[in-house]
There are 2 protein chains.
Amino acid sequence: MSEESAGEQRSPERARRLPRAVRERQILDAAVQVFSRHGYHSASMDEISDVAGVSKPMIYTYLGSKEDLFGQCIRREATRLLEAIQDGIKPDLPPDMQLWHGLRSFYRFVAEYRESWTVLHRQALTVGGSFATEITDMRTRAIELVAALVVSAGTRKGLGEQAEFSGAGLSAALVGAAESLADWALDHPDVSDGVLASWLMNLVWLGFNDLVEGEIWKPSTAE
Amino acid sequence: MSEESAGEQRSPERARRLPRAVRERQILDAAVQVFSRHGYHSASMDEISDVAGVSKPMIYTYLGSKEDLFGQCIRREATRLLEAIQDGIKPDLPPDMQLWHGLRSFYRFVAEYRESWTVLHRQALTVGGSFATEITDMRTRAIELVAALVVSAGTRKGLGEQAEFSGAGLSAALVGAAESLADWALDHPDVSDGVLASWLMNLVWLGFNDLVEGEIWKPSTAE
DNA sequence: AACTAAGCCTACTCGCCAGTAGGTAAGCGG
DNA sequence: CCGCTTACCTACTGGCGAGTAGGCTTAGTT
């Protein structure tokens with residue numbers, strides 16, 4: 001229950017006197033974990049310090065206020081995600097193959113770092129203020145990236161302004177579909193990233209191709 | 001600045017001595033507004049009472065604790081949304097037309113009651129506990145509903161088990177796309193609900209049709 | 001007029017949690 | 001062995017916000 005003597009180390013896990021960089025990583029890891037479980041507001045610094053195996057003042061001296069801490073989490077995980085996707089993409093491939101590789105990398109990342117994904121997707125928007133806009137901006141960039149692919153594919157097939165016009169909306173829908181499917185995949189770990197990406201490609205890309213080729217769905221009966 | 005005399009009414013807006021039912025509506029309206037702006041945790045009962053033009057104890061006597069209040073908001077808005085969609089659907093139409101009408105109603109609702117949508121979509125998940133599961137369940141029902149349409153359309157065209165298998169994932173993607181497009185539409189109020197619904201139908205339904213008919217996208221170059 | 005009850009308020013308590021003050025222990029250079 | 005720094009802790013404060021005690025006022029009823 002209590003320490004046996006003064007010289008006894010508390011537990012085999014609790015390492016002591018580590019260099020600052022290591023502690024910072026431990027704290028960030030713990031923070032991501034706790035934030036992903038409870039969200040920003042319900043997460044307490046006490047729990048984070050507990051999980052990190054460190055006392056609360058350490059967090060403040062190393063990483064600043066709760067808001068600072070959250071910001072660092074968001075930025076670290078966002079960078080990880082973007083790099084993971086970037087690494088998967090081969091820029092000289094045709095648009096559909098780029099999208100395909102990007103999606104696969106995305107689903108691989110989500111499966112491997114589900115807490116990162118949860119923090120970015122669910123929790124970051126609830127803080128309001130600068131983080132919300134930061135995340136929204138990042139998401140907007142993702143949408144624009146996809147839109148560029150879509151429009152490029154569209155113009156390549158001879159579709160001009162119309163592709164640009166509805167491209168933004170379609171890309172927003174695509175990104176939303178991808179995110180939603182990611183959440184779904186969290187509950188179905190047996191479905192591989194290749195299958196997930198294929199589903200989306202078949203849904204969206206085929207639909208988009210039809211659209212480009214002039215085949216169009218419209219309400220069948222009068223209004 | 002201050003009231004002029006004892007008998008003076010505070011402001012022309014501040015109505016006094018209204019029946020309970022009216023006050024309850026005012027409070028719920030205010031609560032939805034405040035919750036949609038700040039989220040559950042950052043919203044304070046003081047602000048809600050302020051917006052409602054009522055003192056805090058009234059909220060507690062009429063509608064209970066903060067959690068109770070939030071629950072009532074969620075349930076009221078969810079009911080509204082579901083009824084709006086239900087009203088738009090004609091059950092004897094073919095699957096694609098049902099989906100089309102459902103989508104249009106959905107986008108009409110989101111445009112008209114954007115705060116309701118925000119609370120349901122963004123904030124409700126951040127509370128954790130019973131509300132999160134409640135919302136998730138509702139969303140799951142929506143997905144299943146869509147899945148039923150998709151599978152029905154698939155089997156109608158002669159596709160059997162395969163439609164059922166991937167139907168769940170595809171429906172999750174579709175619902176996510178619809179939600180994401182709803183968010184996008186909030187920033188583009190000039191795009192009508194018909195156009196939004198058409199985009200989704202063209203993306204998803206055409207893609208799905210292709211899939212059913214055996215046309216399939218797959219990676220072009222070796223892996 | 002007298003009584004009742006419904007509507008409504010001001011002004012408090014109390015717990016939780018972000019943030020801090022001030023101290024101990026361990027490595028290290030002299 | 002003596003200071004000096006870096007790593008790290010326990011134990012507090014202060015404020016914010018959920019929830020409440022208790023009372024005042026006016027509409028309606030007898």
# chains A, B, ... in the order shown; residues from 1 in each chain; ligands from 1
>>> closest_atom_pairs(of="chain A", to="chain D", cutoff="12 Å", atoms="only C-alpha atoms (C1' of nucleotides)", output="JSON lines")
{"residue": "A:Ala15", "atom": "CA", "partner": "D:DC8", "partner_atom": "C1'", "distance": 11.6}
{"residue": "A:Arg16", "atom": "CA", "partner": "D:DA7", "partner_atom": "C1'", "distance": 8.5}
{"residue": "A:Arg17", "atom": "CA", "partner": "D:DA7", "partner_atom": "C1'", "distance": 5.6}
{"residue": "A:Leu18", "atom": "CA", "partner": "D:DA7", "partner_atom": "C1'", "distance": 7.6}
{"residue": "A:Pro19", "atom": "CA", "partner": "D:DA7", "partner_atom": "C1'", "distance": 8.1}
{"residue": "A:Arg20", "atom": "CA", "partner": "D:DA7", "partner_atom": "C1'", "distance": 8.4}
{"residue": "A:Arg23", "atom": "CA", "partner": "D:DA7", "partner_atom": "C1'", "distance": 10.3}
{"residue": "A:Gly53", "atom": "CA", "partner": "D:DC8", "partner_atom": "C1'", "distance": 11.4}
{"residue": "A:Val54", "atom": "CA", "partner": "D:DC8", "partner_atom": "C1'", "distance": 8.4}
{"residue": "A:Ser55", "atom": "CA", "partner": "D:DC9", "partner_atom": "C1'", "distance": 7.0}
{"residue": "A:Lys56", "atom": "CA", "partner": "D:DC9", "partner_atom": "C1'", "distance": 9.2}
{"residue": "A:Pro57", "atom": "CA", "partner": "D:DC9", "partner_atom": "C1'", "distance": 8.6}
{"residue": "A:Met58", "atom": "CA", "partner": "D:DC8", "partner_atom": "C1'", "distance": 7.4}
{"residue": "A:Ile59", "atom": "CA", "partner": "D:DC8", "partner_atom": "C1'", "distance": 11.1}
{"residue": "A:Thr61", "atom": "CA", "partner": "D:DC8", "partner_atom": "C1'", "distance": 10.9}
{"residue": "A:Tyr62", "atom": "CA", "partner": "D:DA7", "partner_atom": "C1'", "distance": 11.2}
>>> closest_atom_pairs(of="chain A", to="chain C", cutoff="8 Å", atoms="only C-alpha atoms (C1' of nucleotides)", output="JSON lines")
{"residue": "A:Ser44", "atom": "CA", "partner": "C:DC17", "partner_atom": "C1'", "distance": 7.2}
{"residue": "A:Met45", "atom": "CA", "partner": "C:DA18", "partner_atom": "C1'", "distance": 7.7}
{"residue": "A:Lys66", "atom": "CA", "partner": "C:DA18", "partner_atom": "C1'", "distance": 7.8}
>>> calpha_fit_and_write(fixed="chain A", moving="chain B", output="compact mmCIF listing (two decimals) with C-alpha atoms, in the first residue's frame")
# COMPACT_ATOMS: atom_id res chain seq x y z
CA MET B 1 -0.77 -0.42 0.11
CA SER B 2 1.67 2.23 1.30
CA GLU B 3 5.37 2.59 0.61
CA GLU B 4 7.42 0.32 2.82
CA SER B 5 10.24 2.71 3.58
CA ALA B 6 11.66 6.05 2.52
CA GLY B 7 14.10 4.61 -0.03
CA GLU B 8 11.56 2.33 -1.75
CA GLN B 9 10.73 3.16 -5.37
CA ARG B 10 6.99 3.64 -5.80
CA SER B 11 6.43 1.26 -8.70
CA PRO B 12 8.54 -0.40 -11.35
CA GLU B 13 6.72 1.63 -14.06
CA ARG B 14 7.26 5.09 -12.64
CA ALA B 15 10.59 6.03 -14.20
CA ARG B 16 12.35 8.90 -12.54
CA ARG B 17 14.46 11.81 -13.73
CA LEU B 18 14.01 11.51 -17.45
CA PRO B 19 15.16 14.20 -19.89
CA ARG B 20 12.70 16.91 -20.80
CA ALA B 21 12.08 15.80 -24.37
CA VAL B 22 10.95 12.37 -23.24
CA ARG B 23 8.60 13.77 -20.64
CA GLU B 24 7.08 16.12 -23.15
CA ARG B 25 6.28 13.21 -25.43
CA GLN B 26 4.77 11.23 -22.57
CA ILE B 27 2.63 14.17 -21.59
CA LEU B 28 1.44 14.80 -25.11
CA ASP B 29 0.61 11.12 -25.55
CA ALA B 30 -1.37 11.12 -22.32
CA ALA B 31 -3.12 14.34 -23.26
CA VAL B 32 -4.22 12.99 -26.64
CA GLN B 33 -5.54 9.90 -24.94
CA VAL B 34 -7.50 11.78 -22.29
CA PHE B 35 -8.78 14.47 -24.64
CA SER B 36 -9.97 11.82 -27.06
CA ARG B 37 -11.90 10.10 -24.29
CA HIS B 38 -13.55 13.05 -22.58
CA GLY B 39 -13.24 16.03 -24.88
CA TYR B 40 -11.51 19.26 -24.05
CA HIS B 41 -13.71 20.58 -21.29
CA SER B 42 -14.32 17.39 -19.38
CA ALA B 43 -10.69 16.39 -19.46
CA SER B 44 -8.91 17.44 -16.29
CA MET B 45 -5.26 18.31 -16.04
CA ASP B 46 -5.10 16.06 -13.00
CA GLU B 47 -6.13 13.05 -15.05
CA ILE B 48 -3.67 13.89 -17.80
CA SER B 49 -0.84 14.22 -15.31
CA ASP B 50 -1.95 10.95 -13.77
CA VAL B 51 -1.95 9.08 -17.06
CA ALA B 52 1.37 10.61 -18.01
CA GLY B 53 2.86 9.44 -14.70
CA VAL B 54 3.90 12.96 -13.85
CA SER B 55 2.75 15.70 -11.52
CA LYS B 56 0.66 18.61 -12.68
CA PRO B 57 3.22 21.41 -12.38
CA MET B 58 5.45 19.57 -14.84
CA ILE B 59 2.83 20.00 -17.53
CA TYR B 60 2.64 23.69 -16.85
CA THR B 61 6.38 24.24 -16.83
CA TYR B 62 6.96 22.16 -19.94
CA LEU B 63 3.92 22.79 -22.09
CA GLY B 64 1.98 25.71 -20.67
CA SER B 65 -1.72 26.13 -20.02
CA LYS B 66 -4.47 23.64 -20.80
CA GLU B 67 -5.27 25.49 -23.98
CA ASP B 68 -1.62 25.51 -25.01
CA LEU B 69 -1.46 21.80 -24.35
CA PHE B 70 -4.51 21.09 -26.43
CA GLY B 71 -3.12 23.18 -29.23
CA GLN B 72 0.10 21.20 -29.25
CA CYS B 73 -1.89 17.96 -29.37
CA ILE B 74 -3.98 19.16 -32.28
CA ARG B 75 -1.02 20.38 -34.24
CA ARG B 76 1.05 17.29 -33.64
CA GLU B 77 -1.72 14.92 -34.65
CA ALA B 78 -2.77 17.01 -37.62
CA THR B 79 0.79 17.04 -38.88
CA ARG B 80 1.01 13.30 -38.46
CA LEU B 81 -2.19 12.77 -40.41
CA LEU B 82 -1.24 15.07 -43.24
CA GLU B 83 2.20 13.54 -43.51
CA ALA B 84 0.74 10.06 -43.56
CA ILE B 85 -1.52 11.03 -46.45
CA GLN B 86 1.20 12.95 -48.26
CA ASP B 87 3.51 9.98 -48.04
CA GLY B 88 0.93 7.76 -49.68
CA ILE B 89 0.33 9.96 -52.70
CA LYS B 90 2.30 9.78 -55.92
CA PRO B 91 1.78 13.17 -57.56
CA ASP B 92 2.38 12.05 -61.16
CA LEU B 93 -0.47 9.57 -61.25
CA PRO B 94 -3.88 10.35 -62.75
CA PRO B 95 -6.47 11.97 -60.44
CA ASP B 96 -8.37 8.84 -59.58
CA MET B 97 -5.25 6.99 -58.55
CA GLN B 98 -4.13 9.91 -56.40
CA LEU B 99 -7.47 9.91 -54.65
CA TRP B 100 -7.26 6.16 -54.20
CA HIS B 101 -3.85 6.26 -52.59
CA GLY B 102 -4.78 9.21 -50.43
CA LEU B 103 -7.83 7.39 -49.14
CA ARG B 104 -5.91 4.23 -48.37
CA SER B 105 -3.31 6.16 -46.38
CA PHE B 106 -6.05 7.97 -44.55
CA TYR B 107 -7.77 4.77 -43.47
CA ARG B 108 -4.50 3.19 -42.52
CA PHE B 109 -3.77 6.17 -40.29
CA VAL B 110 -7.18 6.15 -38.66
CA ALA B 111 -6.89 2.46 -37.86
CA GLU B 112 -3.45 2.84 -36.37
CA TYR B 113 -3.95 6.08 -34.45
CA ARG B 114 -7.61 6.08 -33.60
CA GLU B 115 -7.16 8.46 -30.69
CA SER B 116 -5.47 10.99 -32.92
CA TRP B 117 -8.37 10.79 -35.29
CA THR B 118 -10.93 11.15 -32.53
CA VAL B 119 -9.29 14.24 -31.14
CA LEU B 120 -9.04 15.87 -34.53
CA HIS B 121 -12.46 14.93 -35.76
CA ARG B 122 -14.72 15.05 -32.73
CA GLN B 123 -13.14 17.05 -29.98
CA ALA B 124 -11.28 19.84 -31.68
CA LEU B 125 -14.45 21.54 -32.86
CA THR B 126 -15.92 21.71 -29.38
CA VAL B 127 -13.36 24.13 -27.99
CA GLY B 128 -14.51 27.06 -30.03
CA GLY B 129 -12.35 30.04 -30.80
CA SER B 130 -9.06 29.71 -32.58
CA PHE B 131 -8.88 25.91 -32.59
CA ALA B 132 -12.22 25.46 -34.24
CA THR B 133 -11.25 27.76 -37.07
CA GLU B 134 -7.85 26.12 -37.28
CA ILE B 135 -9.43 22.70 -37.71
CA THR B 136 -12.10 23.97 -40.03
CA ASP B 137 -9.43 25.57 -42.17
CA MET B 138 -7.52 22.33 -42.36
CA ARG B 139 -10.64 20.50 -43.37
CA THR B 140 -11.36 23.17 -45.94
CA ARG B 141 -7.90 22.67 -47.39
CA ALA B 142 -8.57 18.97 -47.64
CA ILE B 143 -11.83 19.66 -49.42
CA GLU B 144 -10.12 22.05 -51.80
CA LEU B 145 -7.45 19.48 -52.49
CA VAL B 146 -10.08 16.93 -53.36
CA ALA B 147 -11.96 19.52 -55.36
CA ALA B 148 -8.83 20.16 -57.39
CA LEU B 149 -8.65 16.47 -58.23
CA VAL B 150 -12.31 16.32 -59.11
CA VAL B 151 -12.22 19.43 -61.27
CA SER B 152 -9.03 18.28 -62.93
CA ALA B 153 -10.69 15.00 -63.79
CA GLY B 154 -13.77 16.86 -64.97
CA THR B 155 -12.02 19.28 -67.26
CA ARG B 156 -9.81 16.48 -68.54
CA LYS B 157 -13.00 14.90 -69.76
CA GLY B 158 -14.24 18.08 -71.31
CA LEU B 159 -16.54 19.36 -68.62
CA GLY B 160 -15.96 23.04 -67.97
CA GLU B 161 -17.58 25.48 -65.63
CA GLN B 162 -20.21 23.13 -64.38
CA ALA B 163 -17.60 20.93 -62.75
CA GLU B 164 -16.09 23.90 -61.02
CA PHE B 165 -19.41 25.04 -59.76
CA SER B 166 -20.69 21.90 -58.15
CA GLY B 167 -17.19 20.61 -57.45
CA ALA B 168 -17.01 22.35 -54.09
CA GLY B 169 -20.24 20.82 -52.86
CA LEU B 170 -19.41 17.40 -54.23
CA SER B 171 -16.00 17.49 -52.60
CA ALA B 172 -17.54 18.45 -49.28
CA ALA B 173 -19.82 15.48 -49.63
CA LEU B 174 -16.93 13.21 -50.53
CA VAL B 175 -14.82 14.29 -47.59
CA GLY B 176 -17.78 13.83 -45.30
CA ALA B 177 -18.37 10.38 -46.69
CA ALA B 178 -14.73 9.51 -46.12
CA GLU B 179 -14.86 10.71 -42.52
CA SER B 180 -18.08 8.97 -41.78
CA LEU B 181 -16.78 5.75 -43.25
CA ALA B 182 -13.72 6.17 -41.04
CA ASP B 183 -15.93 6.25 -37.98
CA TRP B 184 -17.77 3.22 -39.23
CA ALA B 185 -14.49 1.43 -39.79
CA LEU B 186 -13.51 1.99 -36.17
CA ASP B 187 -16.27 -0.43 -35.25
CA HIS B 188 -15.32 -2.86 -38.01
CA PRO B 189 -11.56 -3.36 -37.73
CA ASP B 190 -11.65 -6.41 -39.98
CA VAL B 191 -12.37 -4.35 -43.09
CA SER B 192 -9.07 -3.38 -44.68
CA ASP B 193 -8.13 0.11 -45.81
CA GLY B 194 -8.08 -1.09 -49.40
CA VAL B 195 -11.68 -2.22 -49.21
CA LEU B 196 -12.80 1.01 -47.59
CA ALA B 197 -11.07 3.09 -50.21
CA SER B 198 -12.56 0.92 -52.95
CA TRP B 199 -16.07 1.46 -51.67
CA LEU B 200 -15.67 5.18 -51.80
CA MET B 201 -14.05 5.12 -55.21
CA ASN B 202 -16.85 3.00 -56.58
CA LEU B 203 -19.51 5.17 -55.11
CA VAL B 204 -18.15 8.53 -55.86
CA TRP B 205 -15.87 8.14 -58.80
CA LEU B 206 -18.23 6.09 -60.87
CA GLY B 207 -21.06 8.42 -60.03
CA PHE B 208 -18.94 11.34 -60.95
CA ASN B 209 -17.90 9.76 -64.21
CA ASP B 210 -21.49 9.23 -65.16
CA LEU B 211 -22.19 12.82 -64.34
CA VAL B 212 -19.35 13.96 -66.54
CA GLU B 213 -20.57 11.80 -69.37
CA GLY B 214 -23.97 13.39 -69.25
CA GLU B 215 -25.86 10.56 -67.66
CA ILE B 216 -27.89 12.15 -64.95
CA TRP B 217 -30.33 11.06 -62.32
CA LYS B 218 -33.53 12.97 -61.96
CA PRO B 219 -36.84 12.46 -60.20
CA SER B 220 -38.82 9.91 -62.20
CA THR B 221 -42.46 10.77 -61.48
CA ALA B 222 -43.81 14.29 -61.75
CA GLU B 223 -42.23 16.18 -58.82
>>> select_by_dssp(residues="range 47-127 of chain B", states="helix (DSSP H, G or I)", output="PyMOL selection string")
chain B and resi 47-52+56-63+66-88+95-112+114-126
